[in-house]
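Visitor: Have a look at this one.
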Number of protein chains: 2
Amino acid sequence: MPHAAPPHAQTRRRIMDAALEVFLRDGYVGAKTDEIATAAGASKQTIYKHFGPKESLFEQIVLDRLVGIDQIFQNAMGELATTDDVETTLRAVARRFIHALTQPSHLRVRRLVIAESGRFPKLGHAYFEAGPERVHAALASCFEQLTGRGLLKIDEPVLAANHFTWLVSSIPVNKVMFCGDDIRFPPSELDHYADAAAHVFLAAYRTPG
Amino acid sequence: MPHAAPPHAQTRRRIMDAALEVFLRDGYVGAKTDEIATAAGASKQTIYKHFGPKESLFEQIVLDRLVGIDQIFQNAMGELATTDDVETTLRAVARRFIHALTQPSHLRVRRLVIAESGRFPKLGHAYFEAGPERVHAALASCFEQLTGRGLLKIDEPVLAANHFTWLVSSIPVNKVMFCGDDIRFPPSELDHYADAAAHVFLAAYRTPG
DNA sequence: AGCGAACAGTACCGTACGGTACGCTACGAG
DNA sequence: CTCGTAGCGTACCGTACGGTACTGTTCGCT
């Protein structure tokens, strides 16, 4: 821990964390470099030295938050592909999924990217590919395996993956998009959404009998 | 070019239309009052006379776009509550729904409200209530009637209404949120999403037999 | 004709913000 | 000790933007 001398990286992280916070709160245009510097306990020169102009700083920070964004969801999928009890496992996946997704740390970034996707189209695309699309691809691959094993009946795996994720997450996610990140959902409510979503999904995609 | 003397309302509308366009393109902070004035063919004085400061202008314009926002969807529901052929009608509703929802004129406002919901929390709430929540309430009431008539089996009508609308619209809506309003979906693709959504919904909520 | 409201055009004010320059301190390596 | 690197703090520059004042003009009304 008291590793004393990482000269560069530490300052860099401090700036990125502080800047992200300011960008999340005020948006790209509303964020002021002076405030970022103050919040980071750094000087503006240092920021410009490390990241170049404001646009570049913004892109680097958001892009940085995107690496591995799908990992938590991939993890949430767990042993889905290899289970024998699809219903139980899928419900568990849905629950882990919705709890992970409704973390403010995730939804605030999501809203920021949506807000700035006009000014930074690349960021919008990058988020979409690194997040939803990756998750849907992984989920679709699970569904294919389960279909192959006769446990599900799915013709269009990617479409089904979309159905599953949006069924699970749309209610809380959309509410937060419009009503702010300070909304907290009781865990029981999230569980209820997850269970209901899994129920609907299985009604449509479970093998009959 | 001969001016035909406008009674205030016409100037007002010209300003509101131009300002909305600029706000949609640049966001609240990015929009410049000078540019709004130029785009409206009006002078800044006139704008301030009619709407007061920038914040007030923004709120009035967005609020104005919210009245009746649910009407197109209510209309899309048509004779849903009184039909005897739930499957056919529901599929038709889903198609009308997704085509109405994916109009750029709607999605651009949606994105703007999300983007500014931090700075203007009231607008976020107002949008959510005037849009999704109203639609869900109306849809839920249809579902209750259909359940009463034994054509559907729905315990939680509002939850089911959420399932239906998000099942139908989530794929294109979310894509546009991240990838920009210039994305156009082939009508056949939208129809496919609508049909698949109706299928999933009915599998879960149709009365057995 | 004459009055007043509505409006365009433009100049203007104050301030705030992105970005840079400069001078200073602290520290690790040789 | 000395030099190079990383960083802080502050002052500074140019510009741009929200908002106002002022002037002149068009139009409706009486």
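Letters A, B, ... mark the chains of the structure tokens in the order given; residue numbers begin at 1 per chain; ligand numbers begin at 1, in order shown.
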Output the contact residues of chain C with respect to chain B at a cut-off of 12 Å, based on only C-alpha atoms (C1' of nucleotides), as a PyMOL selection string.
Guide: chain C and resi 5-10
Visitor: Applying 12 Å and only C-alpha atoms (C1' of nucleotides), which residues near DT2 (chain D) remain after dropping the ones on its own chain fewer than 2 positions away? List them as number ranges by chain.
Guide: C: 28-30; D: 4
Visitor: Give as a PDB file with C-alpha atoms (C1' of nucleotides), in the first residue's frame every residue of chain D that touches chain B within 12 Å, counting only C-alpha atoms (C1' of nucleotides).
Guide:
```pdb
ATOM      1  C1'  DA D  16     -17.762  34.475 -26.369  1.00  0.00           C
ATOM      2  C1'  DC D  17     -22.036  34.626 -24.291  1.00  0.00           C
ATOM      3  C1'  DG D  18     -26.361  36.247 -21.456  1.00  0.00           C
ATOM      4  C1'  DG D  19     -28.741  40.145 -20.986  1.00  0.00           C
ATOM      5  C1'  DT D  20     -29.870  45.317 -21.705  1.00  0.00           C
ATOM      6  C1'  DA D  21     -30.287  49.946 -23.887  1.00  0.00           C
ATOM      7  C1'  DC D  22     -31.194  52.568 -27.699  1.00  0.00           C
ATOM      8  C1'  DT D  26     -43.563  48.978 -39.505  1.00  0.00           C
ATOM      9  C1'  DC D  27     -48.328  48.213 -38.534  1.00  0.00           C
ATOM     10  C1'  DG D  28     -52.926  48.504 -36.400  1.00  0.00           C
TER      11       DG D  28
END
```
Visitor: Using backbone DSSP assignments, extract all alpha helix (DSSP H) residues from region 2-205 of chain A; output them as number ranges by chain.
Guide: A: 7-30, 33-40, 44-51, 54-66, 71-77, 86-101, 104-116, 121-128, 134-148, 157-179, 187-205
Visitor: Quick one: which residues from chain B are at most 6 Å off chain A, using only C-alpha atoms, as a list in words?
Guide: Ile114, Ala115, Ser117, Gly124, His125, Met177, Phe178, Cys179, Val200, Ala203 and Ala204 of chain B
Visitor: Write out the residues from the selection above, keeping N, CA and C atoms, as an mmCIF file, in the first residue's frame.
Guide:
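Contents of selection.cif, as written:
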```
data_model
loop_
_atom_site.group_PDB
_atom_site.id
_atom_site.type_symbol
_atom_site.label_atom_id
_atom_site.label_comp_id
_atom_site.auth_asym_id
_atom_site.auth_seq_id
_atom_site.Cartn_x
_atom_site.Cartn_y
_atom_site.Cartn_z
ATOM 1 N N ILE B 114 -33.686 13.910 -21.274
ATOM 2 C CA ILE B 114 -32.766 13.102 -20.476
ATOM 3 C C ILE B 114 -31.484 13.872 -20.200
ATOM 4 N N ALA B 115 -30.964 14.503 -21.240
ATOM 5 C CA ALA B 115 -29.694 15.215 -21.100
ATOM 6 C C ALA B 115 -29.799 16.329 -20.071
ATOM 7 N N SER B 117 -32.134 16.625 -17.638
ATOM 8 C CA SER B 117 -32.930 16.314 -16.455
ATOM 9 C C SER B 117 -32.149 16.578 -15.176
ATOM 10 N N GLY B 124 -37.764 16.626 -16.374
ATOM 11 C CA GLY B 124 -37.662 15.179 -16.421
ATOM 12 C C GLY B 124 -38.921 14.527 -15.874
ATOM 13 N N HIS B 125 -39.321 14.976 -14.704
ATOM 14 C CA HIS B 125 -40.535 14.421 -14.105
ATOM 15 C C HIS B 125 -41.748 14.672 -14.990
ATOM 16 N N MET B 177 -30.837 6.574 -28.774
ATOM 17 C CA MET B 177 -30.300 7.361 -27.665
ATOM 18 C C MET B 177 -28.780 7.449 -27.737
ATOM 19 N N PHE B 178 -28.151 6.346 -28.106
ATOM 20 C CA PHE B 178 -26.689 6.338 -28.130
ATOM 21 C C PHE B 178 -26.103 6.674 -29.491
ATOM 22 N N CYS B 179 -26.798 6.314 -30.528
ATOM 23 C CA CYS B 179 -26.189 6.419 -31.852
ATOM 24 C C CYS B 179 -26.777 7.516 -32.716
ATOM 25 N N VAL B 200 -44.108 -12.390 -27.592
ATOM 26 C CA VAL B 200 -43.600 -12.658 -26.249
ATOM 27 C C VAL B 200 -44.633 -12.268 -25.201
ATOM 28 N N ALA B 203 -47.484 -14.724 -25.074
ATOM 29 C CA ALA B 203 -47.089 -16.010 -24.503
ATOM 30 C C ALA B 203 -47.188 -15.975 -22.982
ATOM 31 N N ALA B 204 -46.905 -14.803 -22.418
ATOM 32 C CA ALA B 204 -46.921 -14.702 -20.962
ATOM 33 C C ALA B 204 -48.293 -14.353 -20.409
#
```
Visitor: Residues near Ile61 (chain A), anyone? I mean within 10 Å using only C-alpha atoms (C1' of nucleotides), not counting same-chain ones fewer than 2 positions away, as a ChimeraX atom specification.
Guide: /A:13,15-17,19-20,23,51,56-59,63-66
Visitor: Pull C-alpha atoms from the residues just selected and write them as an mmCIF file, in the first residue's frame.
Guide:
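selection27.cif written:
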```cif
data_model
loop_
_atom_site.group_PDB
_atom_site.id
_atom_site.type_symbol
_atom_site.label_atom_id
_atom_site.label_comp_id
_atom_site.auth_asym_id
_atom_site.auth_seq_id
_atom_site.Cartn_x
_atom_site.Cartn_y
_atom_site.Cartn_z
ATOM 1 C CA ARG A 13 -6.115 9.079 -11.651
ATOM 2 C CA ILE A 15 -7.652 14.168 -12.210
ATOM 3 C CA MET A 16 -9.737 11.579 -14.004
ATOM 4 C CA ASP A 17 -11.861 10.833 -10.967
ATOM 5 C CA ALA A 19 -13.165 15.363 -13.795
ATOM 6 C CA LEU A 20 -15.622 12.516 -14.212
ATOM 7 C CA PHE A 23 -18.720 16.054 -16.018
ATOM 8 C CA PHE A 51 -4.845 15.218 -21.332
ATOM 9 C CA SER A 56 -9.640 15.187 -25.272
ATOM 10 C CA LEU A 57 -9.924 14.994 -21.502
ATOM 11 C CA PHE A 58 -13.592 14.181 -21.767
ATOM 12 C CA GLU A 59 -13.135 11.465 -24.352
ATOM 13 C CA LEU A 63 -13.595 5.807 -22.822
ATOM 14 C CA ASP A 64 -11.718 4.744 -19.720
ATOM 15 C CA ARG A 65 -14.967 4.023 -17.913
ATOM 16 C CA LEU A 66 -16.073 1.828 -20.784
#
```
Visitor: With a distance cut-off of 7 Å and only C-alpha atoms (C1' of nucleotides), select the neighbouring residues of Lys153 (chain A), excluding the residue or stretch itself and same-chain residues fewer than 3 positions from it, and output the selection as a VMD selection string.
Guide: chain A and resid 147 205 to 207
Visitor: Go ahead and write the residues just picked, N, CA and C atoms, as a compact mmCIF listing (two decimals), in the first residue's frame.
Guide:
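As written to disk, result_10.txt reads:
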```
# COMPACT_ATOMS: atom_id res chain seq x y z
N THR A 147 -30.67 -23.63 -26.27
CA THR A 147 -31.56 -24.13 -27.31
C THR A 147 -31.05 -25.46 -27.87
N TYR A 205 -40.18 -18.33 -24.36
CA TYR A 205 -39.02 -18.99 -24.94
C TYR A 205 -38.72 -20.36 -24.35
N ARG A 206 -39.50 -20.80 -23.38
CA ARG A 206 -39.24 -22.13 -22.83
C ARG A 206 -39.79 -23.18 -23.77
N THR A 207 -39.12 -24.30 -23.80
CA THR A 207 -39.64 -25.40 -24.63
C THR A 207 -40.95 -25.88 -24.03
```
Visitor: Using only C-alpha atoms, find the one residue out of B:Pro208, B:Phe73, B:Asp191, B:Leu107 that sits nearest to Arg91 (chain B).
Guide: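 Of B:Pro208, B:Phe73, B:Asp191, B:Leu107, the one nearest Arg91 (chain B) is B:Asp191, counting only C-alpha atoms.
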Visitor: Please, what distance in Å, to one decimal, runs between CA of Ala161 (chain A) and CA of Ala140 (chain A)?
Guide: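 About the pair CA of Ala161 (chain A) and CA of Ala140 (chain A): they are 5.4 Å apart.
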Visitor: Need the shell around DC27 (chain C): protein/DNA/RNA residues with any atom at most 10 Å away, counting only C-alpha atoms (C1' of nucleotides). Skip same-chain ones fewer than 2 positions apart. Format as a PyMOL selection string?
Guide: (chain C and resi 25+29) or (chain D and resi 5-6)
Visitor: At a cut-off of 10 Å, using only C-alpha atoms (C1' of nucleotides), what residues contact Arg96 (chain A)? Leave out same-chain residues fewer than 2 positions from it and give the result as a PyMOL selection string.
Guide: chain A and resi 72-73+75-78+90-94+98-101+190-191+194
Visitor: Could you name the residues that touch Ala18 (chain B) at 8 Å or less, counting only C-alpha atoms (C1' of nucleotides), but leaving out those on the same chain fewer than 3 positions away, as a PyMOL selection string?
Guide: chain B and resi 14-15+21-22+36+39-40
Visitor: In Å, rounded to a single decimal, give me how far CA of Val135 (chain B) is from CA of Leu152 (chain B).
Guide: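 One can read the CA of Leu152 (chain B) to CA of Val135 (chain B) distance as 18.8 Å.
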Visitor: Rounded to one decimal, what separation in Å do you get between CA of Thr89 (chain B) and CA of Gly148 (chain B)?
Guide: 17.1 Å
